[in-house]
$ cat target_12.cif   # mmCIF, C-alpha atoms
data_start
#
loop_
_atom_site.label_atom_id
_atom_site.label_comp_id
_atom_site.auth_asym_id
_atom_site.auth_seq_id
_atom_site.Cartn_x
_atom_site.Cartn_y
_atom_site.Cartn_z
CA MET X 1 -152.83 34.59 7.50
CA LYS X 2 -151.78 31.09 8.54
CA GLN X 3 -148.48 30.63 10.29
CA ILE X 4 -146.06 28.42 8.39
CA LEU X 5 -144.94 25.53 10.55
CA LYS X 6 -141.33 24.45 10.33
CA HIS X 7 -140.80 20.77 9.76
CA SER X 8 -138.91 18.98 12.48
CA PHE X 9 -135.97 17.90 10.29
CA GLU X 10 -133.58 20.47 8.90
CA ALA X 11 -130.59 19.35 6.93
CA VAL X 12 -127.66 21.42 8.12
CA SER X 13 -125.60 20.21 5.21
CA LEU X 14 -125.93 17.46 2.69
CA LEU X 15 -122.16 17.38 2.32
CA THR X 16 -120.52 15.72 5.29
CA THR X 17 -117.38 13.66 5.58
CA ASN X 18 -119.47 10.57 4.89
CA ASN X 19 -121.85 11.62 2.13
CA GLY X 20 -119.75 14.34 0.49
CA MET X 21 -117.65 11.61 -1.08
CA LEU X 22 -118.24 9.56 -4.19
CA ASP X 23 -117.14 5.94 -4.45
CA VAL X 24 -116.14 5.51 -8.09
CA THR X 25 -114.08 3.09 -10.12
CA VAL X 26 -111.85 4.18 -12.99
CA ILE X 27 -112.14 1.73 -15.86
CA PRO X 28 -109.37 1.94 -18.46
CA ALA X 29 -110.39 2.78 -22.02
CA VAL X 30 -108.41 3.10 -25.24
CA ASN X 31 -108.68 6.06 -27.65
CA GLN X 32 -110.87 7.96 -25.18
CA PRO X 33 -110.70 9.12 -21.57
CA ASP X 34 -110.89 6.39 -18.93
CA TRP X 35 -114.45 5.78 -17.70
CA LEU X 36 -115.69 6.81 -14.28
CA ILE X 37 -118.39 4.46 -12.93
CA PRO X 38 -120.14 4.49 -9.54
CA SER X 39 -118.56 1.56 -7.70
CA SER X 40 -121.95 0.42 -6.41
CA LEU X 41 -123.01 -0.47 -9.97
CA ILE X 42 -120.22 -3.03 -10.37
CA LEU X 43 -121.58 -6.51 -9.76
CA SER X 44 -118.51 -8.49 -10.79
CA VAL X 45 -115.01 -8.13 -12.22
CA GLU X 46 -113.71 -11.25 -13.93
CA ASN X 47 -110.79 -12.28 -16.11
CA CYS X 48 -111.77 -12.67 -19.74
CA ALA X 49 -109.02 -12.82 -22.38
CA GLU X 50 -111.30 -13.50 -25.35
CA ARG X 51 -113.20 -10.73 -27.13
CA THR X 52 -116.92 -11.48 -27.01
CA SER X 53 -120.20 -9.79 -27.84
CA THR X 54 -122.14 -11.58 -25.09
CA TYR X 55 -121.02 -12.77 -21.68
CA ASN X 56 -122.73 -15.42 -19.57
CA TRP X 57 -122.95 -14.26 -15.98
CA GLN X 58 -125.03 -16.11 -13.40
CA GLN X 59 -127.07 -17.85 -16.09
CA GLN X 60 -127.80 -14.59 -17.87
CA ALA X 61 -126.44 -13.59 -21.28
CA LEU X 62 -125.22 -10.00 -21.04
CA MET X 63 -124.44 -7.73 -23.96
CA VAL X 64 -120.83 -6.51 -24.00
CA PHE X 65 -119.54 -3.01 -24.75
CA HIS X 66 -115.85 -2.84 -25.66
CA LEU X 67 -113.47 -0.20 -24.32
CA LEU X 68 -110.59 -1.22 -26.57
CA PRO X 69 -110.03 -1.68 -30.30
CA GLN X 70 -110.65 -5.04 -31.97
CA ASP X 71 -106.93 -5.62 -32.48
CA GLN X 72 -106.16 -5.34 -28.74
CA SER X 73 -106.58 -8.33 -26.45
CA PRO X 74 -109.00 -7.86 -23.56
CA GLU X 75 -108.10 -8.86 -20.02
CA THR X 76 -111.15 -8.06 -17.92
CA ILE X 77 -114.90 -8.04 -18.09
CA VAL X 78 -116.84 -5.76 -15.74
CA VAL X 79 -120.49 -6.65 -15.09
CA LEU X 80 -122.66 -3.60 -14.34
CA GLU X 81 -126.10 -3.39 -12.80
CA GLY X 82 -128.85 -1.95 -14.98
CA ASN X 83 -132.28 -0.46 -14.32
CA THR X 84 -133.62 -4.00 -14.62
CA SER X 85 -131.90 -7.38 -14.77
CA ASP X 86 -132.49 -7.34 -18.55
CA HIS X 87 -130.52 -4.09 -18.79
CA ARG X 88 -127.39 -5.34 -17.09
CA LEU X 89 -124.36 -5.07 -19.31
CA ALA X 90 -120.69 -5.93 -19.37
CA LEU X 91 -117.68 -3.82 -20.27
CA GLN X 92 -114.64 -5.46 -21.78
CA THR X 93 -111.32 -3.76 -21.13
CA ALA X 94 -107.63 -4.24 -20.47
CA GLY X 95 -105.68 -2.79 -17.58
CA LYS X 96 -106.23 -2.39 -13.88
CA LEU X 97 -109.45 -0.98 -12.46
CA GLN X 98 -108.86 1.73 -9.87
CA PRO X 99 -111.38 2.17 -7.06
CA ARG X 100 -111.33 5.74 -5.71
CA GLN X 101 -113.10 7.97 -3.29
CA VAL X 102 -113.39 11.57 -4.49
CA ARG X 103 -114.97 14.62 -2.98
CA ILE X 104 -117.92 15.91 -4.93
CA SER X 105 -116.25 19.34 -4.98
CA GLU X 106 -113.18 17.84 -6.72
CA VAL X 107 -115.23 16.71 -9.73
CA LYS X 108 -115.33 19.47 -12.35
CA ASP X 109 -117.56 19.31 -15.42
CA ILE X 110 -115.60 20.09 -18.58
CA ASP X 111 -116.27 20.25 -22.31
CA VAL X 112 -115.49 17.21 -24.42
CA PRO X 113 -111.80 17.34 -25.33
CA GLU X 114 -111.39 18.22 -28.99
CA GLN X 115 -109.70 14.94 -29.96
CA PHE X 116 -112.84 13.03 -28.84
CA ASP X 117 -115.42 15.44 -30.29
CA ASN X 118 -116.06 13.34 -33.40
CA SER X 119 -119.77 13.08 -34.06
CA GLU X 120 -119.48 11.67 -37.59
CA PRO X 121 -121.13 8.26 -37.92
CA LEU X 122 -118.51 5.70 -38.96
CA ASN X 123 -120.80 3.15 -40.55
CA ASN X 124 -124.44 2.32 -41.18
CA MET X 125 -125.28 1.13 -37.67
CA ASP X 126 -128.61 1.90 -36.08
CA THR X 127 -128.56 5.44 -34.73
CA ASP X 128 -129.74 7.05 -31.53
CA ASP X 129 -132.14 9.98 -31.18
CA ARG X 130 -129.42 12.45 -32.28
CA GLY X 131 -128.56 10.42 -35.36
CA LEU X 132 -125.35 9.07 -33.83
CA PRO X 133 -124.47 5.40 -33.82
CA LEU X 134 -123.86 3.71 -30.49
CA ASN X 135 -120.34 2.70 -31.32
CA GLU X 136 -117.15 2.36 -29.36
CA ASN X 137 -115.45 4.57 -31.96
CA VAL X 138 -117.82 7.54 -31.60
CA VAL X 139 -117.51 8.85 -28.06
CA LEU X 140 -120.42 11.30 -28.34
CA SER X 141 -122.82 8.44 -28.98
CA TYR X 142 -122.63 7.26 -25.36
CA LEU X 143 -121.19 10.26 -23.52
CA PHE X 144 -123.09 11.56 -20.51
CA GLN X 145 -120.46 14.02 -19.29
CA THR X 146 -116.73 14.59 -19.29
CA VAL X 147 -115.23 15.53 -15.96
CA MET X 148 -111.84 16.44 -14.57
CA ILE X 149 -110.41 15.18 -11.28
CA ASP X 150 -106.86 16.11 -10.28
CA ASP X 151 -106.16 17.50 -13.77
CA LYS X 152 -107.11 14.21 -15.46
CA THR X 153 -110.05 13.88 -17.84
CA TYR X 154 -112.61 11.10 -17.37
CA LEU X 155 -115.68 10.09 -19.31
CA VAL X 156 -118.94 9.49 -17.49
CA PRO X 157 -120.91 7.22 -19.85
CA ASP X 158 -124.66 7.11 -20.30
CA LEU X 159 -124.97 3.50 -19.14
CA ASP X 160 -128.75 3.47 -19.49
CA LYS X 161 -128.47 4.52 -23.13
CA ILE X 162 -125.78 1.91 -23.82
CA ALA X 163 -127.85 -0.86 -22.21
CA HIS X 164 -131.02 0.06 -24.08
CA GLN X 165 -129.20 0.37 -27.41
CA LEU X 166 -127.37 -2.94 -26.99
CA ILE X 167 -130.60 -4.75 -26.10
CA ASP X 168 -132.46 -3.09 -29.00
CA LEU X 169 -129.70 -4.11 -31.44
CA ASP X 170 -129.83 -7.66 -30.10
CA SER X 171 -133.63 -7.92 -30.45
#

$ encode --input "target_12.cif" --output "structure tokens"
Amino acid sequence: MKQILKHSFEAVSLLTTNNGMLDVTVIPAVNQPDWLIPSSLILSVENCAERTSTYNWQQQALMVFHLLPQDQSPETIVVLEGNTSDHRLALQTAGKLQPRQVRISEVKDIDVPEQFDNSEPLNNMDTDDRGLPLNENVVLSYLFQTVMIDDKTYLVPDLDKIAHQLIDLDS
């Protein structure tokens, strides 16, 4: 029987004071929990008081996803990195973004709060693989996970799904 050789590197712990923390940004949303986005994905935060479906950023037209109803005036546009430069997107919102550092152990997965668990399609938009429209009014259509930090609920969106759906709708 061959002796198993130990590799020279052994991780004592993956959670240390440096890498046991998450750098996130809370992005305000209306009629749903505020969004929690990895801060490293944010390329730019700019003032933008006009509602728009596309946003020109560094000579690139980005598709925009709205985090507020049509009757509410936006204040900010947040440009997010995508898997490719074609899959970058922008979020339009109102209110102050809040950068935070949270311990991984403080982030608790929770079920979708009942008031946001509306999976009924609201119109005849194109639908995703579950038959749900990608629509600001149907949270389940872009939800990746809901989490709780310090007794407050946040939505972790499926940014990849949003980017692909917005680009497919635009094509």

$ resolve_selection --input "target_12.cif" --expression "the PyMOL selection byres ((chain X and resi 100) around 8)" --output "PyMOL selection string"
chain X and resi 23-26+98-99+101-102

$ atom_distance --input "target_12.cif" --atom1 "atom CA of Ser40 of chain X" --atom2 "atom CA of Pro74 of chain X"
23.0 Å

$ resolve_selection --input "target_12.cif" --expression "the PyMOL selection byres ((chain X and resi 29) around 8)" --output "list in words"
Ile27, Pro28, Val30, Asn31, Gln32, Pro33, Asp34, Trp35, Leu67, Leu68, Thr93 and Ala94 of chain X

$ residues_near_point --input "target_12.cif" --point "(-133.7, -4.2, -24.3)" --cutoff "12 Å" --atoms "all atoms listed in the file" --output "list in words"
Leu62, Met63, Gly82, Asn83, Thr84, Ser85, Asp86, His87, Arg88, Leu89, Asp160, Lys161, Ile162, Ala163, His164, Gln165, Leu166, Ile167, Asp168, Leu169, Asp170 and Ser171 of chain X

$ atom_distance --input "target_12.cif" --atom1 "atom CA of Leu43 of chain X" --atom2 "atom CA of Ile104 of chain X"
23.2 Å

$ atom_distance --input "target_12.cif" --atom1 "atom CA of Thr54 of chain X" --atom2 "atom CA of Glu81 of chain X"
15.3 Å

$ residues_near_point --input "target_12.cif" --point "(-107.9, 11.6, -20.1)" --cutoff "9 Å" --atoms "all atoms listed in the file" --output "JSON, numbers by chain"
{"X": [32, 33, 34, 113, 148, 151, 152, 153, 154, 155]}

$ closest_residue --input "target_12.cif" --among "X:Gln58, X:Ser53, X:Val45, X:Gln115" --to "Ile77 of chain X" --atoms "all atoms listed in the file"
X:Val45

$ closest_residue --input "target_12.cif" --among "X:Arg51, X:Tyr142, X:Glu75, X:Gly20" --to "Val107 of chain X" --atoms "only C-alpha atoms"
X:Gly20

$ closest_residue --input "target_12.cif" --among "X:Ser44, X:Asp109, X:Met21, X:Gly95" --to "Asn56 of chain X" --atoms "all atoms listed in the file"
X:Ser44

$ closest_residue --input "target_12.cif" --among "X:Val79, X:Leu91, X:Asn19, X:Leu36" --to "Gln145 of chain X" --atoms "all atoms listed in the file"
X:Leu36

$ closest_residue --input "target_12.cif" --among "X:Leu80, X:Glu46, X:Asp158, X:Tyr55" --to "Lys96 of chain X" --atoms "only C-alpha atoms"
X:Glu46

$ decode --input "target_12.cif" --residues "segment 41-84 of chain X" --atoms "C-alpha atoms" --output "JSON list (two decimals), in the first residue's frame"
[["chain", "number", "residue", "atom", "x", "y", "z"],
["X", 41, "LEU", "CA", -18.84, 44.63, -8.79],
["X", 42, "ILE", "CA", -19.65, 48.35, -8.64],
["X", 43, "LEU", "CA", -17.81, 50.16, -11.41],
["X", 44, "SER", "CA", -19.42, 53.57, -11.00],
["X", 45, "VAL", "CA", -22.09, 55.45, -9.05],
["X", 46, "GLU", "CA", -23.41, 58.54, -10.79],
["X", 47, "ASN", "CA", -26.21, 61.05, -10.39],
["X", 48, "CYS", "CA", -29.04, 60.45, -12.84],
["X", 49, "ALA", "CA", -32.40, 62.14, -12.21],
["X", 50, "GLU", "CA", -34.08, 60.97, -15.42],
["X", 51, "ARG", "CA", -35.61, 57.51, -15.77],
["X", 52, "THR", "CA", -33.97, 55.69, -18.66],
["X", 53, "SER", "CA", -33.88, 52.23, -20.19],
["X", 54, "THR", "CA", -30.28, 52.54, -21.41],
["X", 55, "TYR", "CA", -27.36, 54.42, -19.92],
["X", 56, "ASN", "CA", -24.22, 55.49, -21.78],
["X", 57, "TRP", "CA", -21.16, 54.73, -19.69],
["X", 58, "GLN", "CA", -17.65, 54.99, -21.11],
["X", 59, "GLN", "CA", -18.93, 54.81, -24.68],
["X", 60, "GLN", "CA", -21.00, 51.71, -23.94],
["X", 61, "ALA", "CA", -24.81, 51.58, -23.89],
["X", 62, "LEU", "CA", -25.85, 49.65, -20.78],
["X", 63, "MET", "CA", -29.28, 48.22, -20.13],
["X", 64, "VAL", "CA", -30.93, 49.61, -16.98],
["X", 65, "PHE", "CA", -32.87, 47.72, -14.31],
["X", 66, "HIS", "CA", -35.09, 49.90, -12.12],
["X", 67, "LEU", "CA", -35.36, 49.52, -8.36],
["X", 68, "LEU", "CA", -38.22, 51.99, -8.01],
["X", 69, "PRO", "CA", -41.68, 52.43, -9.50],
["X", 70, "GLN", "CA", -42.20, 54.47, -12.66],
["X", 71, "ASP", "CA", -43.90, 57.27, -10.75],
["X", 72, "GLN", "CA", -40.88, 57.82, -8.47],
["X", 73, "SER", "CA", -37.99, 59.99, -9.59],
["X", 74, "PRO", "CA", -34.59, 58.29, -9.69],
["X", 75, "GLU", "CA", -31.51, 59.89, -8.18],
["X", 76, "THR", "CA", -28.67, 57.47, -8.84],
["X", 77, "ILE", "CA", -27.44, 55.02, -11.42],
["X", 78, "VAL", "CA", -25.12, 52.21, -10.33],
["X", 79, "VAL", "CA", -22.99, 50.58, -13.03],
["X", 80, "LEU", "CA", -22.20, 46.92, -12.32],
["X", 81, "GLU", "CA", -19.59, 44.65, -13.84],
["X", 82, "GLY", "CA", -20.86, 41.63, -15.74],
["X", 83, "ASN", "CA", -19.34, 38.33, -16.85],
["X", 84, "THR", "CA", -18.32, 40.14, -20.02]]
